[in-house]
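Everything below belongs to my_file.cif, which stores mmCIF, C-alpha atoms.
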data_my_file
loop_
_atom_site.label_atom_id
_atom_site.label_comp_id
_atom_site.auth_asym_id
_atom_site.auth_seq_id
_atom_site.Cartn_x
_atom_site.Cartn_y
_atom_site.Cartn_z
CA MET T 1 -1.47 37.45 49.66
CA ALA T 2 -2.41 40.50 47.66
CA GLY T 3 0.28 42.84 46.55
CA SER T 4 1.07 45.78 44.36
CA ARG T 5 3.81 45.34 41.81
CA LEU T 6 4.16 48.97 40.79
CA GLU T 7 7.72 49.66 41.84
CA LYS T 8 7.83 52.98 39.96
CA PHE T 9 5.00 54.56 41.95
CA GLY T 10 5.46 55.37 45.59
CA THR T 11 7.60 53.45 48.00
CA VAL T 12 7.26 49.94 49.38
CA TYR T 13 5.84 51.41 52.55
CA THR T 14 3.22 53.66 50.91
CA ARG T 15 1.94 50.82 48.77
CA VAL T 16 1.52 48.44 51.71
CA ARG T 17 0.00 51.21 53.83
CA ASP T 18 -2.56 51.94 51.16
CA LEU T 19 -3.34 48.26 50.70
CA LEU T 20 -3.94 47.95 54.45
CA ARG T 21 -6.06 51.08 54.48
CA ALA T 22 -8.15 49.83 51.57
CA GLY T 23 -8.68 46.52 53.31
CA VAL T 24 -7.04 44.51 50.54
CA LEU T 25 -4.47 43.30 53.05
CA LYS T 26 -5.94 42.08 56.31
CA PRO T 27 -4.33 43.38 59.53
CA GLU T 28 -3.00 39.94 60.31
CA GLU T 29 -1.34 39.90 56.89
CA LYS T 30 0.64 43.02 57.75
CA PRO T 31 4.30 42.44 56.84
CA ILE T 32 6.86 42.02 59.61
CA TRP T 33 8.88 45.01 58.50
CA TYR T 34 5.95 47.44 58.32
CA ASP T 35 6.05 48.61 61.93
CA VAL T 36 9.83 48.72 61.89
CA TYR T 37 9.79 50.97 58.81
CA ALA T 38 7.13 53.18 60.42
CA ALA T 39 9.28 53.55 63.54
CA PHE T 40 12.60 54.01 61.72
CA PRO T 41 12.01 55.48 58.27
CA PRO T 42 15.03 55.91 55.99
CA LYS T 43 16.66 59.29 55.38
CA ARG T 44 15.39 59.40 51.85
CA GLU T 45 12.15 57.85 50.68
CA PRO T 46 13.06 55.05 48.28
CA LEU T 47 11.11 56.49 45.39
CA TYR T 48 11.97 55.39 41.90
CA GLN T 49 13.94 58.07 40.07
CA LYS T 50 13.96 58.07 36.30
CA PRO T 51 17.45 57.75 34.81
CA ARG T 52 18.08 61.28 33.59
CA ARG T 53 20.15 61.85 30.50
CA PRO T 54 23.57 62.94 31.78
CA LYS T 55 23.60 66.57 30.75
CA VAL T 56 26.98 68.16 31.21
CA PRO T 57 26.42 70.34 34.31
CA ALA T 58 27.86 73.81 34.44
CA ALA T 59 29.66 73.19 37.72
CA ASP T 60 30.80 69.79 38.92
CA PRO T 61 28.61 69.12 42.01
CA VAL T 62 31.31 66.98 43.61
CA PRO T 63 34.17 69.18 44.82
CA GLN T 64 37.74 68.46 43.80
CA LEU T 65 39.92 67.72 46.81
CA PHE T 66 43.15 69.70 46.79
CA TYR T 67 45.34 70.66 49.70
CA LYS T 68 47.99 73.29 50.18
CA GLU T 69 50.67 70.58 50.39
CA ASP T 70 49.75 69.40 46.90
CA GLU T 71 51.85 72.18 45.39
CA ILE T 72 54.90 70.87 47.24
CA ARG T 73 54.03 67.31 46.25
CA ALA T 74 53.64 68.24 42.58
CA LYS T 75 57.06 69.88 42.53
CA PHE T 76 58.61 66.91 44.34
CA PHE T 77 57.24 64.39 41.84
CA GLU T 78 58.27 66.56 38.92
CA VAL T 79 61.88 66.83 40.11
CA TYR T 80 62.48 63.51 41.82
CA GLY T 81 60.01 61.16 40.20
CA ASN T 82 58.46 58.59 42.51
CA GLY T 83 61.06 58.97 45.22
CA PRO T 84 63.46 56.37 46.59
CA LYS T 85 61.03 54.52 48.88
CA ALA T 86 58.25 52.40 47.41
CA PHE T 87 54.69 53.04 48.66
CA GLU T 88 53.54 50.43 51.17
CA LEU T 89 49.80 50.79 50.96
CA LEU T 90 49.00 47.99 53.40
CA LYS T 91 50.43 49.88 56.33
CA PRO T 92 47.84 52.33 57.72
CA ASN T 93 50.30 54.94 59.03
CA PHE T 94 52.83 54.74 56.27
CA ILE T 95 54.89 57.90 55.59
CA SER T 96 56.40 57.98 52.11
CA SER T 97 59.52 59.91 51.15
CA CYS T 98 57.26 62.49 49.51
CA GLN T 99 55.32 62.94 52.74
CA LYS T 100 58.59 63.32 54.69
CA PHE T 101 59.62 65.97 52.20
CA VAL T 102 56.34 67.81 52.66
CA MET T 103 56.63 67.67 56.44
CA LYS T 104 60.21 68.97 56.38
CA TYR T 105 59.23 71.70 53.91
CA SER T 106 56.38 72.90 56.12
CA GLU T 107 58.68 72.79 59.12
CA LEU T 108 61.32 74.94 57.40
CA GLU T 109 58.65 77.27 56.08
CA SER T 110 57.21 77.80 59.53
CA ARG T 111 60.73 78.51 60.83
CA GLY T 112 60.70 81.45 58.41
CA ASP T 113 64.46 82.07 58.21
CA ILE T 114 64.89 80.72 54.66
CA LYS T 115 63.89 82.55 51.49
CA PRO T 116 60.91 80.90 49.66
CA GLU T 117 62.87 80.32 46.43
CA LEU T 118 65.58 78.40 48.27
CA LEU T 119 63.13 76.42 50.42
CA PHE T 120 62.97 73.50 48.00
CA GLU T 121 66.73 73.07 47.88
CA GLU T 122 67.03 73.53 51.63
CA THR T 123 64.50 70.77 52.24
CA ALA T 124 66.42 68.42 49.97
CA LYS T 125 69.61 69.22 51.85
CA ALA T 126 67.91 68.72 55.20
CA LEU T 127 66.61 65.31 54.13
CA LEU T 128 70.08 64.38 52.82
CA SER T 129 71.46 65.11 56.28
CA GLU T 130 68.83 62.77 57.71
CA GLY T 131 69.95 60.02 55.36
CA ILE T 132 67.33 60.16 52.58
CA TYR T 133 69.09 60.49 49.23
CA LEU T 134 66.79 61.97 46.57
CA ARG T 135 67.81 61.37 42.99
CA LYS T 136 66.74 63.86 40.36
CA ARG T 137 64.55 62.42 37.63
CA GLY T 138 65.97 62.38 34.09
CA GLY T 139 69.42 63.24 35.38
CA PRO T 140 72.70 61.56 34.47
CA VAL T 141 72.59 57.78 34.50
CA GLN T 142 74.34 56.59 37.65
CA VAL T 143 77.15 54.50 36.04
CA ALA T 144 80.85 54.96 37.00
CA PRO T 145 82.94 56.09 34.04
CA GLU T 146 85.48 53.31 34.34
CA SER T 147 82.90 50.58 34.07
CA ARG T 148 81.78 51.78 30.62
CA ASP T 149 83.33 49.78 27.84
CA PRO T 150 85.42 52.22 25.75
CA LEU T 151 84.53 50.20 22.64
CA LEU T 152 80.84 51.21 23.04
CA SER T 153 81.64 54.83 22.40
CA MET T 154 83.11 54.02 19.00
CA LYS T 155 80.80 54.85 16.13
CA LEU T 156 80.56 52.54 13.12
CA THR T 157 80.49 55.44 10.61
CA ASP T 158 83.73 56.82 11.98
CA MET T 159 85.30 53.39 11.79
CA LEU T 160 84.20 52.90 8.20
CA ALA T 161 85.50 56.36 7.26
CA GLU T 162 88.79 55.47 8.90
CA GLN T 163 88.84 52.15 7.10
CA GLN T 164 88.19 53.90 3.80
CA LYS T 165 91.02 56.35 4.53
CA ASP T 166 93.34 53.49 5.36
CA LYS T 167 92.33 51.58 2.28
CA ASP T 168 93.32 54.57 0.19
CA THR T 169 96.68 54.74 1.92
CA GLU T 170 96.93 50.90 1.87
CA THR T 171 99.01 50.56 5.01
CA ASN T 172 96.79 49.53 7.99
CA ILE T 173 94.36 47.05 6.45
CA PRO T 174 95.79 43.89 8.12
CA GLU T 175 95.58 45.66 11.52
CA LYS T 176 92.04 46.93 11.03
CA GLN T 177 90.43 43.59 10.10
CA PRO T 178 91.21 41.69 13.32
CA GLU T 179 89.99 44.74 15.23
CA ALA T 180 86.72 44.70 13.31
CA GLU T 181 86.33 40.96 14.01
CA THR T 182 86.85 41.41 17.75
CA LEU T 183 84.48 44.34 17.76
CA ASN T 184 81.46 42.46 16.37
CA PRO T 185 81.12 39.80 19.11
CA ASP T 186 81.47 42.58 21.71
CA SER T 187 78.75 44.66 20.13
CA GLN T 188 76.49 41.56 20.02
CA THR T 189 77.00 40.72 23.68
CA SER T 190 76.75 44.33 24.88
CA MET P 1 24.15 23.12 40.31
CA ALA P 2 25.26 21.51 43.50
CA ALA P 3 25.70 24.81 45.21
CA GLY P 4 22.11 25.70 44.43
CA VAL P 5 20.91 23.49 47.22
CA LEU P 6 22.98 25.37 49.77
CA THR P 7 22.29 28.84 48.58
CA ARG P 8 18.85 29.09 47.07
CA VAL P 9 16.84 27.73 49.94
CA LYS P 10 13.35 28.95 50.34
CA GLN P 11 11.70 26.83 52.96
CA ALA P 12 7.98 26.62 53.14
CA LEU P 13 8.25 26.10 56.85
CA ARG P 14 10.79 27.73 59.13
CA GLY P 15 10.21 24.82 61.44
CA PRO P 16 12.62 25.35 64.32
CA ARG P 17 11.72 29.01 64.59
CA LEU P 18 8.01 28.62 64.61
CA ALA P 19 8.11 25.70 66.99
CA ALA P 20 10.15 27.71 69.45
CA ALA P 21 7.64 30.54 69.51
CA VAL P 22 5.47 29.90 72.51
CA PHE P 23 3.04 32.67 71.78
CA SER P 24 1.49 33.46 68.44
CA CYS P 25 3.35 36.07 66.51
CA HIS P 26 0.70 38.65 65.81
CA GLY P 27 2.92 40.90 63.80
CA GLN P 28 4.18 38.19 61.43
CA THR P 29 2.94 37.66 57.95
CA LEU P 30 2.63 34.00 57.21
CA SER P 31 2.06 33.91 53.51
CA SER P 32 2.46 30.19 53.55
CA ALA P 33 -0.82 28.41 53.99
CA ALA P 34 1.04 25.34 55.12
CA ALA P 35 2.60 27.18 58.07
CA ALA P 36 2.13 25.86 61.56
CA VAL P 37 -1.16 26.72 63.15
CA HIS P 38 -0.69 28.74 66.33
CA SER P 39 -2.95 28.89 69.30
CA PRO P 40 -5.48 31.58 68.43
CA ALA P 41 -6.78 34.40 70.64
CA ALA P 42 -4.18 34.32 73.41
CA PRO P 43 -5.35 35.75 76.78
CA THR P 44 -4.85 39.47 77.53
CA ILE P 45 -1.79 38.95 79.68
CA GLU P 46 -0.13 37.15 76.80
CA THR P 47 -1.01 39.89 74.34
CA ASP P 48 0.29 42.56 76.69
CA ALA P 49 3.58 40.77 77.02
CA THR P 50 3.69 40.14 73.29
CA ASP P 51 2.95 43.78 72.65
CA LYS P 52 5.71 44.75 75.02
CA ILE P 53 8.18 42.45 73.31
CA LEU P 54 7.20 43.65 69.86
CA ASN P 55 6.44 47.31 70.44
CA PHE P 56 8.86 48.35 73.15
CA PRO P 57 12.04 47.88 71.08
CA LEU P 58 10.61 50.21 68.44
CA THR P 59 10.51 53.07 70.91
CA GLN P 60 14.25 52.92 71.56
CA PRO P 61 16.57 54.56 69.01
CA ASP P 62 19.30 51.95 69.39
CA TYR P 63 17.75 48.99 71.19
CA PHE P 64 20.43 46.52 70.12
CA ARG P 65 23.34 48.94 70.77
CA LEU P 66 24.60 48.61 67.22
CA SER P 67 26.54 51.88 67.27
CA GLU P 68 29.23 50.18 69.33
CA LEU P 69 29.87 47.66 66.54
CA PHE P 70 31.67 50.11 64.26
CA SER P 71 33.18 53.59 64.12
CA ILE P 72 34.27 55.97 61.38
CA LYS P 73 37.88 54.91 61.92
CA ASP P 74 36.97 51.24 61.32
CA LEU P 75 35.23 52.23 58.09
CA PHE P 76 38.26 54.23 57.00
CA ASP P 77 40.69 51.41 57.78
CA ALA P 78 38.53 49.00 55.82
CA ARG P 79 38.76 51.44 52.86
CA VAL P 80 35.01 51.94 52.67
CA HIS P 81 35.46 55.52 51.49
CA LEU P 82 37.14 54.58 48.20
CA GLY P 83 34.83 54.94 45.23
CA HIS P 84 35.36 54.42 41.55
CA LYS P 85 36.73 56.86 39.00
CA LYS P 86 34.90 60.03 38.06
CA GLY P 87 33.84 58.62 34.69
CA CYS P 88 32.05 55.68 36.35
CA ARG P 89 30.08 57.89 38.69
CA HIS P 90 26.31 57.46 38.86
CA ALA P 91 24.50 60.80 38.89
CA LEU P 92 22.29 59.80 41.83
CA MET P 93 25.30 59.04 44.02
CA GLU P 94 26.55 62.63 43.96
CA PRO P 95 24.91 63.62 47.27
CA TYR P 96 26.78 60.81 49.05
CA LEU P 97 30.25 61.74 47.79
CA PHE P 98 32.68 63.74 49.91
CA GLY P 99 34.78 64.84 46.97
CA CYS P 100 36.91 63.77 44.07
CA ARG P 101 40.65 63.36 44.58
CA LEU P 102 42.52 63.30 41.28
CA ASP P 103 39.51 61.78 39.48
CA MET P 104 38.84 59.19 42.19
CA ASP P 105 35.53 59.54 44.05
CA ILE P 106 35.69 59.60 47.83
CA ILE P 107 32.52 58.60 49.67
CA ASP P 108 31.46 60.72 52.64
CA LEU P 109 31.97 58.50 55.66
CA GLU P 110 29.93 60.71 57.98
CA GLN P 111 26.87 59.98 55.84
CA THR P 112 27.86 56.33 55.57
CA VAL P 113 27.91 55.98 59.35
CA ASP P 114 24.34 57.28 59.62
CA HIS P 115 23.07 55.14 56.78
CA LEU P 116 24.83 52.03 58.03
CA GLN P 117 23.43 52.58 61.51
CA GLN P 118 19.91 52.82 60.11
CA ALA P 119 20.38 49.78 57.88
CA LEU P 120 21.76 47.60 60.69
CA ASN P 121 19.02 48.77 63.04
CA PHE P 122 16.35 47.85 60.52
CA THR P 123 17.95 44.45 59.91
CA ALA P 124 18.14 43.80 63.65
CA HIS P 125 14.49 44.63 64.23
CA VAL P 126 13.36 42.49 61.32
CA ALA P 127 15.46 39.58 62.57
CA PHE P 128 14.14 40.18 66.09
CA ARG P 129 10.60 39.71 64.81
CA GLY P 130 11.48 36.47 63.10
CA GLY P 131 11.90 37.82 59.60
CA VAL P 132 13.68 35.97 56.83
CA VAL P 133 16.77 37.77 55.52
CA LEU P 134 18.25 37.03 52.12
CA PHE P 135 21.82 38.07 51.30
CA VAL P 136 22.42 38.76 47.63
CA SER P 137 25.71 39.49 45.93
CA ARG P 138 26.74 38.72 42.42
CA ARG P 139 30.45 39.29 42.99
CA ARG P 140 32.18 36.01 42.44
CA GLN P 141 35.13 37.09 44.56
CA PHE P 142 32.95 37.25 47.67
CA ALA P 143 30.36 34.59 46.91
CA HIS P 144 31.79 32.14 49.43
CA LEU P 145 32.11 34.80 52.11
CA VAL P 146 28.48 35.86 51.70
CA GLU P 147 27.27 32.27 51.78
CA THR P 148 29.20 31.44 54.94
CA THR P 149 27.97 34.65 56.59
CA ALA P 150 24.38 33.72 55.84
CA ARG P 151 24.88 30.19 57.08
CA ASP P 152 26.52 31.38 60.29
CA CYS P 153 23.65 33.66 61.23
CA GLY P 154 20.98 31.18 60.21
CA GLU P 155 19.73 33.17 57.24
CA TYR P 156 19.77 32.71 53.49
CA ALA P 157 21.99 33.75 50.61
CA HIS P 158 21.74 33.89 46.85
CA THR P 159 25.06 34.51 45.12
CA ARG P 160 24.41 32.71 41.84
CA TYR P 161 22.61 33.58 38.65
CA TRP P 162 19.27 35.20 39.46
CA LYS P 163 16.60 33.44 37.50
CA GLY P 164 13.85 35.65 36.10
CA GLY P 165 10.85 34.81 38.25
CA LEU P 166 12.65 34.03 41.48
CA LEU P 167 10.56 36.42 43.54
CA THR P 168 7.84 37.40 41.09
CA ASN P 169 7.02 33.84 40.05
CA ALA P 170 7.97 32.03 43.23
CA PRO P 171 4.75 29.99 43.70
CA VAL P 172 5.31 28.42 40.30
CA GLN P 173 9.09 28.00 40.46
CA TYR P 174 9.09 26.64 44.00
CA SER P 175 5.89 25.49 45.63
CA PRO P 176 2.53 27.25 46.07
CA GLY P 177 2.99 28.03 49.77
CA VAL P 178 6.47 29.48 49.61
CA ARG P 179 7.39 32.24 52.06
CA LEU P 180 9.32 35.10 50.52
CA PRO P 181 12.10 36.92 52.39
CA ASP P 182 11.12 39.84 54.60
CA LEU P 183 14.35 41.69 53.93
CA ILE P 184 16.92 41.45 51.17
CA VAL P 185 20.47 42.64 51.86
CA PHE P 186 22.49 43.45 48.76
CA LEU P 187 26.20 43.33 49.50
CA SER P 188 26.73 44.50 45.94
CA THR P 189 23.91 46.02 43.93
CA LEU P 190 25.44 45.34 40.52
CA ASN P 191 25.47 42.11 38.56
CA ASN P 192 28.36 40.71 36.56
CA VAL P 193 27.86 43.09 33.64
CA PHE P 194 27.79 46.22 35.80
CA GLN P 195 24.05 46.72 35.47
CA GLU P 196 21.63 47.11 38.34
CA HIS P 197 20.80 43.75 39.89
CA VAL P 198 17.33 42.55 38.91
CA GLY P 199 16.64 41.65 42.52
CA ILE P 200 16.34 45.32 43.51
CA ARG P 201 13.48 45.91 41.11
CA ASP P 202 11.88 42.57 41.94
CA ALA P 203 12.02 43.22 45.67
CA ALA P 204 10.35 46.59 45.17
CA LYS P 205 7.70 44.86 43.08
CA MET P 206 7.02 42.27 45.76
CA ASN P 207 6.95 44.95 48.49
CA ILE P 208 10.08 43.62 50.17
CA PRO P 209 12.36 46.25 51.74
CA THR P 210 16.01 46.20 50.72
CA VAL P 211 19.28 47.16 52.34
CA GLY P 212 22.11 47.69 49.87
CA ILE P 213 25.77 48.68 49.80
CA VAL P 214 25.88 51.24 46.99
CA ASP P 215 29.22 52.12 45.44
CA SER P 216 29.80 55.29 43.44
CA ASN P 217 28.72 53.57 40.22
CA CYS P 218 25.43 52.17 41.60
CA ASN P 219 21.84 53.44 41.49
CA PRO P 220 20.53 54.01 45.05
CA SER P 221 17.03 55.16 44.16
CA LEU P 222 14.98 51.96 44.62
CA ILE P 223 16.86 50.66 47.65
CA THR P 224 14.98 51.25 50.91
CA TYR P 225 18.06 51.66 53.11
CA PRO P 226 21.08 52.38 50.93
CA VAL P 227 24.54 52.40 52.50
CA PRO P 228 27.04 54.34 50.40
CA GLY P 229 30.35 52.48 50.58
CA ASN P 230 32.99 50.54 48.74
CA ASP P 231 31.91 47.10 47.55
CA ASP P 232 35.09 46.05 45.78
CA THR P 233 37.74 45.77 48.50
CA PRO P 234 37.92 42.46 50.42
CA ALA P 235 38.55 44.35 53.66
CA ALA P 236 35.35 46.35 53.24
CA MET P 237 33.27 43.31 52.28
CA GLU P 238 34.55 41.32 55.24
CA MET P 239 33.61 44.19 57.50
CA TYR P 240 30.08 44.40 56.14
CA CYS P 241 29.58 40.65 56.42
CA ARG P 242 30.87 40.70 59.97
CA LEU P 243 28.58 43.60 60.91
CA PHE P 244 25.46 42.03 59.43
CA LYS P 245 26.25 38.69 61.01
CA MET P 246 26.74 40.24 64.44
CA THR P 247 23.57 42.32 64.08
CA ILE P 248 21.39 39.37 63.20
CA LYS P 249 22.92 37.18 65.88
CA ARG P 250 22.38 39.88 68.49
CA ALA P 251 18.78 40.35 67.45
CA LYS P 252 18.03 36.64 67.55
CA ASP P 253 19.75 36.14 70.89
CA LYS P 254 17.78 39.05 72.30
CA ARG P 255 14.57 37.53 71.04
CA ARG P 256 15.36 34.18 72.60
CA GLN P 257 16.19 35.95 75.85
CA MET P 258 12.89 37.84 75.84
CA GLU P 259 10.95 34.68 75.12
CA LEU P 260 12.62 32.90 78.02
CA LEU P 261 11.91 35.83 80.33
CA LYS P 262 8.32 35.85 79.25
CA GLY P 263 8.18 32.14 79.83
CA ILE P 264 9.22 32.72 83.42
#
Using the file provided, produce a representation of the structure as structure tokens.
Amino acid sequence: MAGSRLEKFGTVYTRVRDLLRAGVLKPEEKPIWYDVYAAFPPKREPLYQKPRRPKVPAADPVPQLFYKEDEIRAKFFEVYGNGPKAFELLKPNFISSCQKFVMKYSELESRGDIKPELLFEETAKALLSEGIYLRKRGGPVQVAPESRDPLLSMKLTDMLAEQQKDKDTETNIPEKQPEAETLNPDSQTS
Amino acid sequence: MAAGVLTRVKQALRGPRLAAAVFSCHGQTLSSAAAAVHSPAAPTIETDATDKILNFPLTQPDYFRLSELFSIKDLFDARVHLGHKKGCRHALMEPYLFGCRLDMDIIDLEQTVDHLQQALNFTAHVAFRGGVVLFVSRRRQFAHLVETTARDCGEYAHTRYWKGGLLTNAPVQYSPGVRLPDLIVFLSTLNNVFQEHVGIRDAAKMNIPTVGIVDSNCNPSLITYPVPGNDDTPAAMEMYCRLFKMTIKRAKDKRRQMELLKGI
């Protein structure tokens, strides 16, 4: 069967059409898809387009997608980090803690009785009342004071200075050494 | 390789199909000289009926009712709208993108619905007329899925390394009377090194129309019926495979039905 292998000129359809018109392809050799293409042509003719050098366009043709709620979301992530609840992406209608925050914020904003500067705090308080505890990012480490080993807060330089002072006075050396010995295994395990 | 026998099958004779055709298929191109010889010059009644079977479906916009197979919501749930990052974007895909959310391209599903409808319609009509469909995908993750899809709808698949002259040198690499596919469906238009699959250019050279799922980093220019959509997510790929399988099955069942009716 005759054919035309020039994929850069015209489309598949135009080449076959011209071959049929010229008589190179006999009518009984017409491809199966020819009539289907003629009846249902594609939206864009599949012409070969030369790969253009990617010049930096003045304006990005694809619009950036931003929403009004993004401002609230940005502030939320800045203050609270990722939020307490992990994102479950497999669930189609999943509502994250950030989304709950945004919904509550919009609700309070539409109510209109709270000043805009206090809206953020009010939303946090409202969510706390609903049972969602938001922890501020970069805040104090959540460890109870009594669980901290008091030995950890001792600095080696201070101890050495103290030791030096005691050496000069020559009274507390026997007491200091056992303390230093007990300190080292603690600092290794801590 | 052992899998080559399953996947790269180009039969000289599509025996069962041709034997089942009672009347001669006027519209078919039988490039194979060794193809079965049909009864020539059928009487006028036969040609009228044949014409009706072949030409009437082309007058209907959605003869196989393919629009009921999928909706925009199904595409969204299968994550078809997720493209690649802005840096990977192909310049020619810009018209098909809805927007860019924090550097991630989002494909316009309204356009995808139209394109997918057209692509499935074309596939159905080609399958209705007894055309050979070849599924191509070079994604190793979905190779098995594509092969089973092709096997289930009675068509062919090629998910392995594409040898140079597969289409362009087929009479030498296979046998002189080999019949080439009438439609090639690319479930991913890129090969393993993120370049355009050679099959797209080869199909255009051999005047074979192509249907292809083009992601935001693919080149849609040479594909006859491009479908902008995600080709990386398993959910999306399973959906495409399911849709193509159902389309081809519907078309073939319809054809068998028409032939039986005509036989009566």
With a cut-off of 6 Å and counting all atoms listed in the file, select all residues of chain P in contact with chain T and give the selection as a PDB file with C-alpha atoms, in the coordinates of the input.
ATOM      1  CA  GLY P  27       2.920  40.900  63.800  1.00  0.00           C
ATOM      2  CA  GLN P  28       4.180  38.190  61.430  1.00  0.00           C
ATOM      3  CA  THR P  29       2.940  37.660  57.950  1.00  0.00           C
ATOM      4  CA  GLY P  99      34.780  64.840  46.970  1.00  0.00           C
ATOM      5  CA  CYS P 100      36.910  63.770  44.070  1.00  0.00           C
ATOM      6  CA  ARG P 101      40.650  63.360  44.580  1.00  0.00           C
ATOM      7  CA  VAL P 126      13.360  42.490  61.320  1.00  0.00           C
ATOM      8  CA  ALA P 204      10.350  46.590  45.170  1.00  0.00           C
ATOM      9  CA  LYS P 205       7.700  44.860  43.080  1.00  0.00           C
ATOM     10  CA  MET P 206       7.020  42.270  45.760  1.00  0.00           C
ATOM     11  CA  ASN P 207       6.950  44.950  48.490  1.00  0.00           C
ATOM     12  CA  SER P 221      17.030  55.160  44.160  1.00  0.00           C
ATOM     13  CA  LEU P 222      14.980  51.960  44.620  1.00  0.00           C
ATOM     14  CA  ILE P 223      16.860  50.660  47.650  1.00  0.00           C
ATOM     15  CA  THR P 224      14.980  51.250  50.910  1.00  0.00           C
ATOM     16  CA  TYR P 225      18.060  51.660  53.110  1.00  0.00           C
TER      17      TYR P 225
END
Atom CA of Ser137 of chain P and atom CA of Ser188 of chain P, how far apart in Å?
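Distance reported for this atom pair: 5.1 Å.
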Selected residue, from P:Ala235, P:Ala143, P:Trp162, P:Ser67, that lies nearest to Ile200 of chain P when counting only C-alpha atoms:
P:Trp162
Nearest to Asn192 of chain P by atom-to-atom distance, counting all atoms listed in the file, from P:Phe64, P:Tyr174, P:Tyr161, P:Tyr240:
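Going through P:Phe64, P:Tyr174, P:Tyr161, P:Tyr240 one by one, the smallest distance to Asn192 of chain P is for P:Tyr161.
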Do a neighbour search on Glu238 of chain P at 12 Å with all atoms listed in the file, toss out local chain neighbours closer than 3 positions, and write the hits as a ChimeraX atom specification.
/P:74-75,78-80,141-146,148-149,187,230-235,241-245
So which residues get picked by the PyMOL selection byres ((chain P and resi 128) around 7) here, written as a list in words?
Ala124, His125, Val126, Ala127, Arg129, Gly130, Ala251, Lys252 and Arg255 of chain P
Just write the chosen residues, C-alpha atoms, as an mmCIF file, in the frame of the given file.
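Now in result-v3.cif:
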data_model
loop_
_atom_site.group_PDB
_atom_site.id
_atom_site.type_symbol
_atom_site.label_atom_id
_atom_site.label_comp_id
_atom_site.auth_asym_id
_atom_site.auth_seq_id
_atom_site.Cartn_x
_atom_site.Cartn_y
_atom_site.Cartn_z
ATOM 1 C CA ALA P 124 18.140 43.800 63.650
ATOM 2 C CA HIS P 125 14.490 44.630 64.230
ATOM 3 C CA VAL P 126 13.360 42.490 61.320
ATOM 4 C CA ALA P 127 15.460 39.580 62.570
ATOM 5 C CA ARG P 129 10.600 39.710 64.810
ATOM 6 C CA GLY P 130 11.480 36.470 63.100
ATOM 7 C CA ALA P 251 18.780 40.350 67.450
ATOM 8 C CA LYS P 252 18.030 36.640 67.550
ATOM 9 C CA ARG P 255 14.570 37.530 71.040
#
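The closest residue to Gly81 of chain T, picked from T:Lys167, T:Lys100, T:Lys26, T:Arg135 and counting only C-alpha atoms, is T:Arg135.
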Would you please work out which residue, of T:Asp18, T:Glu121, T:Asp70, T:Glu107, is nearest to Leu102 of chain P when using all atoms listed in the file?
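The answer is T:Asp70, which sits nearest to Leu102 of chain P.
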Please, what distance in Å, to one decimal, runs between atom CA of Ala236 of chain P and atom CA of Gln118 of chain P?
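We find that atom CA of Ala236 of chain P and atom CA of Gln118 of chain P lie 18.1 Å from each other.
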Which residues are close to Phe98 of chain P, i.e. within 12 Å by all atoms listed in the file, leaving aside same-chain residues fewer than 5 positions away? Reply as a tab-separated table (two decimals) with C-alpha atoms, in the coordinates of the input.
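Wrote around_3.tsv, looks like this:
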chain	number	residue	atom	x	y	z
T	61	PRO	CA	28.61	69.12	42.01
T	62	VAL	CA	31.31	66.98	43.61
T	63	PRO	CA	34.17	69.18	44.82
T	64	GLN	CA	37.74	68.46	43.80
T	65	LEU	CA	39.92	67.72	46.81
P	81	HIS	CA	35.46	55.52	51.49
P	82	LEU	CA	37.14	54.58	48.20
P	83	GLY	CA	34.83	54.94	45.23
P	93	MET	CA	25.30	59.04	44.02
P	104	MET	CA	38.84	59.19	42.19
P	105	ASP	CA	35.53	59.54	44.05
P	106	ILE	CA	35.69	59.60	47.83
P	107	ILE	CA	32.52	58.60	49.67
P	108	ASP	CA	31.46	60.72	52.64
P	109	LEU	CA	31.97	58.50	55.66
P	110	GLU	CA	29.93	60.71	57.98
P	111	GLN	CA	26.87	59.98	55.84
P	112	THR	CA	27.86	56.33	55.57
P	216	SER	CA	29.80	55.29	43.44
P	228	PRO	CA	27.04	54.34	50.40
P	229	GLY	CA	30.35	52.48	50.58
Result set of the PyMOL selection byres ((chain T and resi 69) around 12) on the coordinates above, as a list in words
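For this structure, the PyMOL selection byres ((chain T and resi 69) around 12) resolves to Leu65, Phe66, Tyr67, Lys68, Asp70, Glu71, Ile72, Arg73, Ala74, Lys75, Phe76, Cys98, Gln99, Lys100, Phe101, Val102, Met103, Lys104, Tyr105, Ser106 and Glu109 of chain T.
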If you measure from atom CA of Asp48 of chain P to atom CA of Lys254 of chain P, what distance in Å do you get, rounded to one decimal?
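Separation between atom CA of Asp48 of chain P and atom CA of Lys254 of chain P: 18.4 Å.
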Smallest atom-to-atom distance to Phe135 of chain P: which of P:Leu167, P:Met239, P:Val211, P:Leu116, using only C-alpha atoms?
P:Val211
